[in-house]
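Everything below belongs to run_23.cif, which stores mmCIF, C-alpha atoms.
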```cif
data_start
#
loop_
_atom_site.label_atom_id
_atom_site.label_comp_id
_atom_site.auth_asym_id
_atom_site.auth_seq_id
_atom_site.Cartn_x
_atom_site.Cartn_y
_atom_site.Cartn_z
CA MET T 1 -10.49 -20.51 8.09
CA LYS T 2 -7.53 -21.64 10.20
CA ILE T 3 -5.02 -18.77 10.41
CA ILE T 4 -1.61 -18.50 12.08
CA ILE T 5 -0.27 -15.03 12.91
CA ALA T 6 3.49 -14.87 13.51
CA GLY T 7 4.30 -11.79 15.57
CA CYS T 8 2.31 -10.41 18.51
CA GLY T 9 3.11 -6.73 18.16
CA LYS T 10 0.57 -3.99 17.51
CA VAL T 11 -0.32 -5.26 14.03
CA GLY T 12 -0.51 -8.89 15.14
CA HIS T 13 -2.78 -7.94 18.05
CA THR T 14 -5.12 -5.91 15.84
CA LEU T 15 -5.24 -8.66 13.22
CA ALA T 16 -6.06 -11.27 15.86
CA GLU T 17 -8.98 -9.15 17.04
CA GLN T 18 -10.37 -8.50 13.56
CA LEU T 19 -9.98 -12.04 12.23
CA THR T 20 -11.36 -13.67 15.37
CA TRP T 21 -14.32 -11.32 15.29
CA ALA T 22 -14.92 -12.37 11.67
CA GLY T 23 -15.23 -15.99 12.79
CA HIS T 24 -11.81 -17.38 11.88
CA GLU T 25 -9.88 -19.84 14.03
CA VAL T 26 -6.69 -17.97 14.93
CA THR T 27 -3.38 -19.09 16.47
CA VAL T 28 -0.83 -16.44 17.44
CA MET T 29 2.87 -17.22 17.62
CA ASP T 30 5.75 -15.31 19.22
CA LYS T 31 9.06 -15.99 21.00
CA ASP T 32 8.29 -13.37 23.65
CA HIS T 33 6.01 -14.67 26.43
CA ASN T 34 4.82 -11.19 27.42
CA ALA T 35 3.94 -10.23 23.85
CA LEU T 36 2.07 -13.50 23.43
CA ALA T 37 0.20 -13.04 26.71
CA SER T 38 -0.89 -9.51 25.75
CA VAL T 39 -2.88 -11.03 22.88
CA THR T 40 -4.11 -14.30 24.41
CA ASN T 41 -5.33 -12.50 27.55
CA THR T 42 -7.58 -10.15 25.57
CA VAL T 43 -8.53 -12.07 22.41
CA ASP T 44 -10.09 -15.52 22.04
CA VAL T 45 -7.14 -17.12 20.22
CA MET T 46 -4.75 -20.01 20.70
CA GLY T 47 -1.23 -19.02 21.70
CA PHE T 48 2.04 -20.77 20.85
CA GLN T 49 5.38 -19.61 22.23
CA GLY T 50 8.10 -20.37 19.72
CA ASN T 51 10.30 -19.24 16.86
CA SER T 52 8.35 -18.76 13.64
CA THR T 53 11.46 -19.59 11.56
CA SER T 54 11.69 -23.05 13.18
CA ILE T 55 10.15 -25.86 11.13
CA ASN T 56 9.36 -27.84 14.27
CA ASN T 57 7.73 -24.85 15.96
CA GLN T 58 5.58 -24.18 12.91
CA LEU T 59 4.50 -27.83 12.82
CA GLU T 60 3.60 -27.71 16.52
CA ALA T 61 1.62 -24.52 15.93
CA GLY T 62 -0.44 -26.37 13.30
CA VAL T 63 0.90 -25.10 9.99
CA LYS T 64 -0.07 -28.37 8.25
CA LYS T 65 -3.75 -27.66 8.90
CA ALA T 66 -3.61 -23.89 8.41
CA ASP T 67 -5.23 -22.15 5.45
CA LEU T 68 -3.16 -19.01 5.88
CA LEU T 69 -0.02 -17.84 7.71
CA ILE T 70 0.53 -14.11 8.24
CA ALA T 71 4.04 -12.99 9.24
CA VAL T 72 4.06 -9.54 10.87
CA THR T 73 7.12 -9.61 13.12
CA SER T 74 9.29 -6.47 13.31
CA ASP T 75 11.93 -8.01 10.99
CA ASP T 76 11.41 -8.22 7.20
CA GLU T 77 13.86 -11.09 6.77
CA ILE T 78 12.20 -13.14 9.52
CA ASN T 79 8.81 -12.54 7.90
CA MET T 80 10.04 -13.73 4.52
CA LEU T 81 11.77 -16.80 5.95
CA THR T 82 8.71 -17.65 8.06
CA CYS T 83 6.51 -17.56 4.96
CA LEU T 84 8.97 -19.62 2.91
CA ILE T 85 9.06 -22.34 5.58
CA ALA T 86 5.27 -22.33 5.89
CA LYS T 87 4.87 -22.63 2.13
CA LYS T 88 7.29 -25.59 1.96
CA THR T 89 6.12 -27.29 5.16
CA GLY T 90 2.38 -26.84 4.87
CA SER T 91 0.10 -26.08 1.95
CA CYS T 92 -1.18 -22.77 3.25
CA GLN T 93 -1.18 -19.37 1.64
CA THR T 94 1.20 -16.78 3.11
CA ILE T 95 1.30 -13.03 3.70
CA ALA T 96 4.46 -11.15 4.71
CA ARG T 97 4.88 -7.62 6.01
CA ILE T 98 7.93 -6.20 4.19
CA ARG T 99 8.73 -2.63 5.15
CA SER T 100 12.27 -1.76 4.08
CA PRO T 101 12.65 0.53 1.02
CA GLN T 102 15.55 -1.65 -0.13
CA TYR T 103 13.04 -4.35 -1.11
CA THR T 104 10.62 -1.99 -2.90
CA ASP T 105 11.98 -2.58 -6.39
CA GLU T 106 12.46 -6.29 -5.76
CA ILE T 107 9.10 -7.08 -4.21
CA ASN T 108 7.56 -8.76 -7.26
CA TYR T 109 10.59 -11.04 -7.61
CA LEU T 110 10.58 -11.86 -3.89
CA ARG T 111 6.85 -12.55 -3.92
CA ASP T 112 7.22 -15.00 -6.79
CA GLU T 113 10.33 -16.73 -5.43
CA LEU T 114 8.96 -17.06 -1.90
CA GLY T 115 5.51 -18.10 -3.09
CA LEU T 116 3.84 -15.27 -1.17
CA SER T 117 0.12 -14.81 -1.72
CA MET T 118 0.50 -11.18 -0.68
CA SER T 119 3.12 -8.79 0.64
CA ILE T 120 2.35 -5.48 2.31
CA ASN T 121 4.50 -2.46 2.97
CA PRO T 122 2.59 -0.54 5.69
CA GLU T 123 4.48 2.70 5.24
CA MET T 124 3.99 2.71 1.48
CA VAL T 125 0.29 1.92 1.81
CA ALA T 126 -0.15 4.62 4.47
CA ALA T 127 1.64 7.12 2.23
CA ALA T 128 -0.71 6.32 -0.66
CA GLU T 129 -3.69 6.82 1.64
CA MET T 130 -2.35 10.18 2.82
CA VAL T 131 -1.86 11.32 -0.77
CA ARG T 132 -5.56 10.65 -1.46
CA LEU T 133 -6.50 12.67 1.61
CA ILE T 134 -4.19 15.55 0.67
CA GLN T 135 -5.61 15.70 -2.86
CA ILE T 136 -9.09 16.32 -1.39
CA PRO T 137 -8.12 18.79 1.39
CA SER T 138 -11.45 18.81 3.23
CA ALA T 139 -11.88 15.02 3.28
CA LEU T 140 -11.64 13.02 6.49
CA GLU T 141 -11.68 9.71 4.57
CA VAL T 142 -11.40 8.81 0.88
CA ASP T 143 -12.05 5.28 -0.39
CA THR T 144 -12.50 4.20 -4.00
CA PHE T 145 -14.63 1.54 -5.69
CA ALA T 146 -15.58 0.45 -9.22
CA LYS T 147 -11.94 0.52 -10.38
CA GLY T 148 -11.49 4.10 -9.16
CA LYS T 149 -14.63 5.55 -10.76
CA LEU T 150 -16.60 5.86 -7.51
CA SER T 151 -15.43 7.59 -4.33
CA LEU T 152 -16.76 7.35 -0.81
CA VAL T 153 -15.72 10.65 0.77
CA GLY T 154 -16.00 11.40 4.49
CA ILE T 155 -16.47 15.09 5.38
CA GLU T 156 -17.78 17.35 8.13
CA ILE T 157 -20.67 19.63 7.19
CA PRO T 158 -19.41 23.22 7.59
CA GLU T 159 -21.25 26.07 9.29
CA ASN T 160 -23.80 27.88 7.14
CA SER T 161 -23.82 25.02 4.63
CA ILE T 162 -26.87 24.47 2.43
CA LEU T 163 -26.98 21.01 4.02
CA ASN T 164 -27.72 22.42 7.48
CA GLU T 165 -31.23 21.40 8.61
CA LEU T 166 -31.83 19.74 5.24
CA LYS T 167 -33.78 16.51 4.86
CA ILE T 168 -31.84 14.04 2.72
CA LYS T 169 -34.81 13.52 0.38
CA ASN T 170 -34.44 17.20 -0.61
CA LEU T 171 -30.72 16.88 -1.49
CA PRO T 172 -31.27 16.62 -5.30
CA SER T 173 -32.90 20.06 -5.31
CA LYS T 174 -29.76 21.58 -3.76
CA VAL T 175 -26.97 19.59 -5.43
CA SER T 176 -26.73 18.92 -9.16
CA SER T 177 -24.45 15.84 -8.93
CA ASP T 178 -25.57 12.27 -8.26
CA ALA T 179 -24.19 12.42 -4.72
CA LEU T 180 -25.73 9.96 -2.25
CA ILE T 181 -25.31 10.42 1.50
CA CYS T 182 -24.64 6.92 2.80
CA VAL T 183 -23.71 7.35 6.48
CA THR T 184 -24.27 10.12 9.02
CA GLN T 185 -22.73 10.77 12.43
CA HIS T 186 -24.66 13.21 14.62
CA ASN T 187 -23.58 13.73 18.26
CA ASN T 188 -21.35 10.64 17.88
CA LYS T 189 -24.33 8.48 16.85
CA ILE T 190 -23.78 6.56 13.62
CA SER T 191 -26.75 5.84 11.36
CA ILE T 192 -27.54 4.67 7.85
CA PRO T 193 -29.89 7.47 6.80
CA ASN T 194 -33.19 7.53 4.93
CA GLY T 195 -34.99 10.32 3.12
CA GLU T 196 -36.39 11.76 6.35
CA THR T 197 -32.97 12.05 8.05
CA VAL T 198 -32.10 15.69 8.81
CA LEU T 199 -28.52 16.93 8.42
CA TYR T 200 -26.87 19.58 10.60
CA SER T 201 -23.67 21.61 10.51
CA GLY T 202 -20.96 19.72 12.37
CA ASP T 203 -22.30 16.30 11.36
CA ARG T 204 -19.87 13.86 9.76
CA ILE T 205 -21.18 12.26 6.60
CA SER T 206 -19.93 9.76 4.02
CA VAL T 207 -20.98 10.59 0.48
CA SER T 208 -20.73 8.35 -2.58
CA LEU T 209 -20.16 10.08 -5.91
CA SER T 210 -17.96 9.87 -8.98
CA MET T 211 -14.43 11.28 -8.69
CA ALA T 212 -15.27 13.85 -11.36
CA ASP T 213 -18.06 15.30 -9.19
CA VAL T 214 -16.11 15.62 -5.91
CA SER T 215 -14.87 19.22 -6.32
CA SER T 216 -18.21 20.48 -7.60
CA PHE T 217 -20.11 18.85 -4.72
CA LEU T 218 -17.75 20.24 -2.07
CA ASN T 219 -17.97 23.77 -3.47
CA THR T 220 -21.77 23.58 -3.60
CA ILE T 221 -22.11 22.61 0.08
CA GLY T 222 -19.73 25.33 1.24
CA ILE T 223 -16.36 23.59 1.27
CA LYS T 224 -14.02 25.45 -1.03
CA ALA T 225 -11.81 22.91 -2.78
CA ARG T 226 -8.38 24.32 -3.54
CA LYS T 227 -5.37 22.90 -5.30
CA ILE T 228 -2.64 21.68 -2.98
CA LYS T 229 0.74 23.25 -3.78
CA ASN T 230 2.85 23.14 -0.60
CA VAL T 231 3.17 20.31 1.94
CA MET T 232 5.38 20.12 5.03
CA ILE T 233 6.33 16.76 6.52
CA ALA T 234 7.50 16.65 10.15
CA GLY T 235 9.85 13.70 10.57
CA GLY T 236 12.04 12.01 8.02
CA GLY T 237 11.31 8.33 8.54
CA THR T 238 10.41 5.70 5.97
CA ILE T 239 6.78 6.75 5.66
CA SER T 240 7.89 10.35 5.05
CA TYR T 241 10.18 9.21 2.25
CA TYR T 242 7.38 7.30 0.49
CA LEU T 243 4.94 10.20 0.95
CA ALA T 244 7.37 12.83 -0.32
CA LYS T 245 8.22 10.73 -3.37
CA LYS T 246 4.53 10.43 -4.31
CA LEU T 247 3.82 14.14 -3.71
CA ILE T 248 6.82 15.25 -5.78
CA ALA T 249 5.55 13.08 -8.64
CA LEU T 250 2.32 15.13 -8.47
CA LYS T 251 4.33 18.39 -8.81
CA ILE T 252 3.70 19.37 -5.18
CA ASN T 253 6.39 21.33 -3.29
CA VAL T 254 7.63 19.32 -0.29
CA LYS T 255 9.54 20.38 2.85
CA ILE T 256 10.78 17.76 5.32
CA ILE T 257 11.98 18.69 8.82
CA GLU T 258 14.18 16.04 10.45
CA LYS T 259 16.20 16.14 13.70
CA GLU T 260 18.96 13.68 12.75
CA ILE T 261 21.63 15.22 10.52
CA LYS T 262 22.62 11.83 9.05
CA ARG T 263 19.05 11.14 7.99
CA CYS T 264 18.84 14.62 6.46
CA GLU T 265 21.87 13.82 4.33
CA GLU T 266 20.30 10.51 3.22
CA LEU T 267 17.02 12.21 2.32
CA SER T 268 18.84 14.91 0.36
CA GLU T 269 20.30 12.20 -1.86
CA LEU T 270 17.08 10.18 -2.11
CA LEU T 271 14.81 13.19 -2.71
CA PRO T 272 16.78 15.88 -4.56
CA LYS T 273 13.57 17.78 -5.45
CA ALA T 274 12.46 18.09 -1.81
CA MET T 275 13.68 20.74 0.64
CA ILE T 276 15.28 18.97 3.62
CA ILE T 277 15.60 21.02 6.81
CA HIS T 278 17.66 19.95 9.83
CA GLY T 279 15.77 20.85 12.99
CA ASP T 280 13.03 20.05 15.50
CA ALA T 281 9.54 20.31 14.01
CA THR T 282 8.06 21.07 17.43
CA GLU T 283 10.01 24.36 17.71
CA LYS T 284 7.71 27.29 16.98
CA ARG T 285 10.57 29.54 15.83
CA LEU T 286 11.70 27.04 13.18
CA LEU T 287 8.17 26.47 11.94
CA LEU T 288 7.57 30.19 11.49
CA GLU T 289 10.95 30.62 9.76
CA GLU T 290 9.92 27.90 7.30
CA SER T 291 6.60 29.67 6.62
CA ILE T 292 4.34 27.00 8.06
CA GLU T 293 1.38 29.36 7.70
CA ASP T 294 1.79 29.13 3.92
CA MET T 295 1.46 25.36 3.88
CA ASP T 296 -1.66 23.75 2.39
CA ALA T 297 -1.06 20.57 4.39
CA VAL T 298 1.21 19.39 7.21
CA CYS T 299 1.86 15.72 7.95
CA CYS T 300 3.01 15.01 11.52
CA LEU T 301 5.02 11.80 11.09
CA MET T 302 7.62 11.94 13.84
CA HIS T 303 8.53 8.86 15.85
CA GLN T 304 7.02 10.19 19.09
CA ASP T 305 3.24 10.36 19.32
CA GLU T 306 3.47 13.22 21.83
CA ALA T 307 5.44 15.35 19.37
CA ASN T 308 2.93 14.64 16.59
CA ILE T 309 -0.01 15.55 18.84
CA LEU T 310 1.61 18.79 20.07
CA LEU T 311 2.39 19.92 16.52
CA SER T 312 -1.16 19.13 15.38
CA LEU T 313 -2.66 21.10 18.26
CA TYR T 314 -0.42 24.07 17.42
CA LEU T 315 -1.51 23.93 13.77
CA ASN T 316 -5.17 23.88 14.81
CA LYS T 317 -4.57 27.04 16.84
CA LEU T 318 -2.48 28.70 14.09
CA ASP T 319 -4.78 28.10 11.12
CA ARG T 320 -7.62 25.58 10.92
CA GLY T 321 -7.46 25.82 7.14
CA ILE T 322 -4.21 23.85 7.06
CA LYS T 323 -4.89 20.17 6.30
CA THR T 324 -3.32 18.23 9.18
CA ILE T 325 -2.54 14.51 9.23
CA THR T 326 -1.27 12.99 12.48
CA ARG T 327 0.38 9.61 12.82
CA ILE T 328 -0.30 7.73 16.07
CA HIS T 329 1.61 4.60 17.07
CA ARG T 330 0.42 3.73 20.58
CA ASN T 331 -2.89 2.00 21.24
CA SER T 332 -3.37 3.91 24.50
CA TYR T 333 -3.51 7.24 22.64
CA GLU T 334 -6.03 6.30 19.96
CA ASN T 335 -9.20 6.86 21.99
CA LEU T 336 -7.75 9.99 23.60
CA VAL T 337 -6.75 11.79 20.42
CA THR T 338 -10.11 11.28 18.71
CA GLU T 339 -11.44 13.87 21.16
CA LEU T 340 -8.70 16.39 20.26
CA PRO T 341 -8.44 18.72 17.22
CA VAL T 342 -5.47 16.90 15.68
CA GLY T 343 -6.76 16.60 12.13
CA ILE T 344 -6.90 13.19 10.48
CA ILE T 345 -5.37 10.35 12.47
CA VAL T 346 -3.33 7.76 10.57
CA SER T 347 -2.28 4.45 12.10
CA THR T 348 -0.08 2.14 10.03
CA LYS T 349 -1.14 -0.68 12.34
CA GLU T 350 -4.80 -0.17 11.43
CA ILE T 351 -4.05 0.29 7.73
CA THR T 352 -2.00 -2.92 7.63
CA SER T 353 -4.60 -4.99 9.44
CA ASP T 354 -7.38 -3.56 7.23
CA TYR T 355 -5.53 -4.51 4.03
CA ILE T 356 -4.81 -8.02 5.27
CA THR T 357 -8.41 -8.46 6.46
CA ARG T 358 -9.60 -7.47 2.98
CA TYR T 359 -7.33 -10.09 1.46
CA VAL T 360 -8.68 -12.75 3.82
CA ARG T 361 -12.18 -11.80 2.66
CA SER T 362 -11.07 -12.16 -0.96
CA MET T 363 -9.63 -15.62 -0.18
CA GLN T 364 -13.15 -16.63 0.77
CA ASN T 365 -14.31 -15.93 -2.80
CA ALA T 366 -13.49 -19.52 -3.67
CA ALA T 367 -15.76 -20.59 -0.84
CA GLY T 368 -18.68 -18.45 -1.96
CA SER T 369 -17.75 -14.95 -0.81
CA GLU T 370 -18.38 -12.19 -3.34
CA VAL T 371 -16.50 -9.35 -1.63
CA GLU T 372 -14.33 -7.44 -4.11
CA SER T 373 -13.35 -4.51 -1.84
CA LEU T 374 -13.77 -3.76 1.85
CA TYR T 375 -13.18 -0.56 3.82
CA GLN T 376 -13.76 0.25 7.46
CA ILE T 377 -15.15 3.81 7.72
CA MET T 378 -16.44 6.14 10.42
CA ASP T 379 -13.79 5.07 12.95
CA ASN T 380 -14.25 1.40 11.96
CA ARG T 381 -17.91 1.44 12.99
CA VAL T 382 -19.25 0.95 9.44
CA GLU T 383 -18.20 -1.35 6.61
CA ALA T 384 -18.27 -0.27 2.97
CA LEU T 385 -18.20 -3.32 0.69
CA GLU T 386 -18.12 -3.88 -3.04
CA PHE T 387 -19.82 -7.13 -4.10
CA SER T 388 -19.83 -8.89 -7.44
CA VAL T 389 -23.24 -10.31 -8.38
CA GLY T 390 -23.04 -13.98 -9.35
CA GLU T 391 -25.22 -16.08 -11.65
CA ASP T 392 -26.96 -17.69 -8.69
CA PHE T 393 -28.15 -14.39 -7.14
CA SER T 394 -31.75 -15.04 -6.10
CA TYR T 395 -32.94 -11.45 -6.45
CA ALA T 396 -31.61 -10.58 -9.93
CA GLY T 397 -34.08 -8.50 -11.91
CA ILE T 398 -36.23 -7.59 -8.89
CA GLU T 399 -36.71 -3.83 -8.45
CA LEU T 400 -35.00 -2.46 -5.33
CA LYS T 401 -38.25 -1.05 -3.99
CA ASP T 402 -39.54 -4.62 -3.72
CA LEU T 403 -36.54 -5.88 -1.73
CA LYS T 404 -36.42 -5.73 2.06
CA LEU T 405 -32.83 -5.03 3.08
CA ILE T 406 -31.46 -6.00 6.47
CA SER T 407 -31.41 -3.15 8.99
CA ASN T 408 -28.77 -0.40 8.86
CA THR T 409 -27.82 -1.23 5.27
CA LEU T 410 -27.85 0.93 2.12
CA ILE T 411 -27.02 0.24 -1.53
CA CYS T 412 -24.81 3.17 -2.61
CA SER T 413 -24.00 2.36 -6.21
CA ILE T 414 -24.40 -0.20 -8.98
CA SER T 415 -21.72 -0.48 -11.66
CA ARG T 416 -22.90 -2.14 -14.88
CA ASN T 417 -20.76 -2.49 -18.01
CA GLY T 418 -18.50 0.28 -16.76
CA LYS T 419 -21.37 2.69 -16.09
CA LEU T 420 -22.23 3.95 -12.58
CA ILE T 421 -25.89 3.85 -11.56
CA ARG T 422 -27.18 5.85 -8.59
CA PRO T 423 -29.71 3.31 -7.33
CA GLY T 424 -33.38 4.21 -7.19
CA GLY T 425 -36.46 2.17 -6.42
CA ARG T 426 -36.98 1.05 -10.05
CA ASP T 427 -33.38 -0.13 -10.51
CA THR T 428 -32.34 -3.79 -10.27
CA MET T 429 -29.22 -5.81 -9.55
CA GLU T 430 -28.13 -8.10 -12.38
CA TYR T 431 -25.52 -10.80 -13.00
CA GLY T 432 -22.10 -9.20 -13.54
CA ASP T 433 -22.93 -6.00 -11.63
CA ARG T 434 -20.61 -4.62 -8.96
CA VAL T 435 -22.66 -3.29 -6.06
CA VAL T 436 -21.36 -0.99 -3.30
CA VAL T 437 -23.08 -1.35 0.08
CA VAL T 438 -22.60 0.38 3.43
CA THR T 439 -23.72 -1.34 6.61
CA THR T 440 -23.16 -1.50 10.35
CA ASN T 441 -23.60 -5.29 10.13
CA LYS T 442 -20.07 -6.71 10.16
CA GLY T 443 -18.99 -9.89 8.42
CA LEU T 444 -21.18 -9.92 5.29
CA SER T 445 -19.64 -12.16 2.62
CA SER T 446 -22.38 -12.25 -0.02
CA ILE T 447 -24.67 -9.78 -1.77
CA GLU T 448 -27.45 -12.26 -0.96
CA GLY T 449 -26.88 -11.50 2.73
CA ILE T 450 -28.15 -7.91 2.48
CA VAL T 451 -31.73 -9.08 1.76
CA LYS T 452 -34.02 -10.24 4.53
CA LYS T 453 -35.12 -13.84 4.05
#
```
Could you write out this file's structure as structure tokens?
Amino acid sequence: MKIIIAGCGKVGHTLAEQLTWAGHEVTVMDKDHNALASVTNTVDVMGFQGNSTSINNQLEAGVKKADLLIAVTSDDEINMLTCLIAKKTGSCQTIARIRSPQYTDEINYLRDELGLSMSINPEMVAAAEMVRLIQIPSALEVDTFAKGKLSLVGIEIPENSILNELKIKNLPSKVSSDALICVTQHNNKISIPNGETVLYSGDRISVSLSMADVSSFLNTIGIKARKIKNVMIAGGGTISYYLAKKLIALKINVKIIEKEIKRCEELSELLPKAMIIHGDATEKRLLLEESIEDMDAVCCLMHQDEANILLSLYLNKLDRGIKTITRIHRNSYENLVTELPVGIIVSTKEITSDYITRYVRSMQNAAGSEVESLYQIMDNRVEALEFSVGEDFSYAGIELKDLKLISNTLICSISRNGKLIRPGGRDTMEYGDRVVVVTTNKGLSSIEGIVKK
């Protein structure tokens, strides 16, 4: 596909990398020469310096031949106008990043009037993702498939767990649920396991199972699932507002600590059921006064990465049982913080680019792609995909034991007529099924592609 990305900030840069890697022909566009150069010098894309709200500049950048234009500048209004011009000038589909809460209630109207194929609010999407993580306190990642019936949960095997030194083929004798271990990470090595793979305490694993079985599975393997009652949010920005609103709707007690008095006043009006505290969330005295040790989860969402990291490190020292989520903005910190005990790292840049990449995959459905859902897991080193099985699937009705899958690939689940099937050797894939697959092979667009020719 021919794709134009308007805006060469962090999201634009990440999108350019992901979409180019997936084989798309990408042109990036920005008024700022330095921002443009930061992308074109590191990614194999075409660069065009110009104003994305100029009809002539869009024409010169190739909008007439583009299949998709993605507007991710720092300004919502510019993104919307850019997409409107692209829709009227070319015949491409358009995606706009729209972040401001003032447009939240109007987004459906705006999407229809502007002819947007998709709009994304990164802060709202990140907040929704954090809520899922908070609801399963021990989870490092939580992704859902089969219309919410199946979860892919990332966890770390605790000390003295029944999983320690256990071969995966012996898992059913230890766990009553239909849990399937899909990915393992041992000593930073990622692998798609088989029955002979041995698990150890400290390993990271991704497990597929129904939502109803999550708590039972965690308790069985030594992770005590508890109900979340109290959450503290450090920082009162837009993402904190969306997160608090969602948590309050779940009857969870929320405290927000914010340095700016004006913002505290705004939040008090917007969130009357939350406790808003004026102060610096990096001050130990204030944290202790606000009973941080009684919190079930703390979300470090301040504007400065350094402040978020320092607070997370303090929480790790204070009580490792507190669920900690840390927001990181800067690219230069991402590799560094993965080596530090800062809890779960959230990047709105990564979340935004992942959502848009999924949409681009779904656009390919018309051209033969069967991808219904796509998630990047295990630090983006593994893809979890949900495929729909079409009428022309060559291997329908053939038992799985008779299929040779491509390397580093595992079928996690088959959904048929609303029922989840934990796949075994005698099971088959049939027309109309939805099949969840994990693989280290990036770029799969068809269920047919998982079988060796």
Inset, instruction - Let me know the residues the PyMOL selection byres ((chain T and resi 126) around 8) catches in the file above, as a ChimeraX atom specification. - result: /T:122-125,127-130,239,346-348,351
Legend entry - Residue neighbourhood Thr14 of chain T, 12 Å, all atoms listed in the file, exclusion window fewer than 3 positions, as a PyMOL selection string: chain T and resi 5+7-11+17-21+28+38-39+42-43+72+331+347-357
Inset, instruction - In Å, rounded to a single decimal, give me how far atom CA of Asn417 of chain T is from atom CA of Leu133 of chain T. - result: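 For atom CA of Leu133 of chain T relative to atom CA of Asn417 of chain T, the distance reads 28.6 Å.
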Legend entry - Closest of T:Gly449, T:Gly115, T:Pro158, T:Gly390 to Tyr431 of chain T - atom-to-atom distances counting only C-alpha atoms: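 For Tyr431 of chain T, the nearest of the given residues is T:Gly390.
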Inset, instruction - Pick out the residues sitting within 8 Å of Ala384 of chain T, and hand them over as a count of residues only; count all atoms listed in the file, and ignore anything fewer than 3 positions along from it in its own chain. - result: 8
Inset, instruction - Take atom CA of Arg285 of chain T and atom CA of Glu339 of chain T and report the distance between them in Å, one decimal. - result: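 Here the two named atoms are 27.5 Å from each other.
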Legend entry - atom CA of Met275 of chain T to atom CA of Asn308 of chain T, straight-line distance in Å: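 Pair atom CA of Asn308 of chain T / atom CA of Met275 of chain T returns 20.2 Å.
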Legend entry - Residues matched by the PyMOL selection byres ((chain T and resi 92-100) around 8), written as an MDAnalysis selection string: chainID T and resid 63:73 76 79:80 83 86:87 90:91 101:104 115:123 238
Just to be explicit: take each residue in the selection above, keep C-alpha atoms, and write the result as an mmCIF file, in the frame of the given file.
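Output below, filename again.cif:
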```cif
data_model
loop_
_atom_site.group_PDB
_atom_site.id
_atom_site.type_symbol
_atom_site.label_atom_id
_atom_site.label_comp_id
_atom_site.auth_asym_id
_atom_site.auth_seq_id
_atom_site.Cartn_x
_atom_site.Cartn_y
_atom_site.Cartn_z
ATOM 1 C CA VAL T 63 0.900 -25.100 9.990
ATOM 2 C CA LYS T 64 -0.070 -28.370 8.250
ATOM 3 C CA LYS T 65 -3.750 -27.660 8.900
ATOM 4 C CA ALA T 66 -3.610 -23.890 8.410
ATOM 5 C CA ASP T 67 -5.230 -22.150 5.450
ATOM 6 C CA LEU T 68 -3.160 -19.010 5.880
ATOM 7 C CA LEU T 69 -0.020 -17.840 7.710
ATOM 8 C CA ILE T 70 0.530 -14.110 8.240
ATOM 9 C CA ALA T 71 4.040 -12.990 9.240
ATOM 10 C CA VAL T 72 4.060 -9.540 10.870
ATOM 11 C CA THR T 73 7.120 -9.610 13.120
ATOM 12 C CA ASP T 76 11.410 -8.220 7.200
ATOM 13 C CA ASN T 79 8.810 -12.540 7.900
ATOM 14 C CA MET T 80 10.040 -13.730 4.520
ATOM 15 C CA CYS T 83 6.510 -17.560 4.960
ATOM 16 C CA ALA T 86 5.270 -22.330 5.890
ATOM 17 C CA LYS T 87 4.870 -22.630 2.130
ATOM 18 C CA GLY T 90 2.380 -26.840 4.870
ATOM 19 C CA SER T 91 0.100 -26.080 1.950
ATOM 20 C CA PRO T 101 12.650 0.530 1.020
ATOM 21 C CA GLN T 102 15.550 -1.650 -0.130
ATOM 22 C CA TYR T 103 13.040 -4.350 -1.110
ATOM 23 C CA THR T 104 10.620 -1.990 -2.900
ATOM 24 C CA GLY T 115 5.510 -18.100 -3.090
ATOM 25 C CA LEU T 116 3.840 -15.270 -1.170
ATOM 26 C CA SER T 117 0.120 -14.810 -1.720
ATOM 27 C CA MET T 118 0.500 -11.180 -0.680
ATOM 28 C CA SER T 119 3.120 -8.790 0.640
ATOM 29 C CA ILE T 120 2.350 -5.480 2.310
ATOM 30 C CA ASN T 121 4.500 -2.460 2.970
ATOM 31 C CA PRO T 122 2.590 -0.540 5.690
ATOM 32 C CA GLU T 123 4.480 2.700 5.240
ATOM 33 C CA THR T 238 10.410 5.700 5.970
#
```
Quick one: apply the PyMOL selection byres ((chain T and resi 171) around 12) to the file and drop the selected residues here as a short mmCIF file (atom, residue, chain, number, x, y, z; two decimals) with C-alpha atoms, in the coordinates of the input.
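Printed below is part.cif as written:
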```
data_model
loop_
_atom_site.label_atom_id
_atom_site.label_comp_id
_atom_site.auth_asym_id
_atom_site.auth_seq_id
_atom_site.Cartn_x
_atom_site.Cartn_y
_atom_site.Cartn_z
CA ILE T 162 -26.87 24.47 2.43
CA LEU T 163 -26.98 21.01 4.02
CA ASN T 164 -27.72 22.42 7.48
CA GLU T 165 -31.23 21.40 8.61
CA LEU T 166 -31.83 19.74 5.24
CA LYS T 167 -33.78 16.51 4.86
CA ILE T 168 -31.84 14.04 2.72
CA LYS T 169 -34.81 13.52 0.38
CA ASN T 170 -34.44 17.20 -0.61
CA PRO T 172 -31.27 16.62 -5.30
CA SER T 173 -32.90 20.06 -5.31
CA LYS T 174 -29.76 21.58 -3.76
CA VAL T 175 -26.97 19.59 -5.43
CA SER T 176 -26.73 18.92 -9.16
CA SER T 177 -24.45 15.84 -8.93
CA ASP T 178 -25.57 12.27 -8.26
CA ALA T 179 -24.19 12.42 -4.72
CA LEU T 180 -25.73 9.96 -2.25
CA ILE T 181 -25.31 10.42 1.50
CA ASN T 194 -33.19 7.53 4.93
CA GLY T 195 -34.99 10.32 3.12
CA GLU T 196 -36.39 11.76 6.35
CA THR T 197 -32.97 12.05 8.05
CA VAL T 198 -32.10 15.69 8.81
CA LEU T 199 -28.52 16.93 8.42
CA VAL T 207 -20.98 10.59 0.48
CA PHE T 217 -20.11 18.85 -4.72
CA THR T 220 -21.77 23.58 -3.60
CA ILE T 221 -22.11 22.61 0.08
#
```
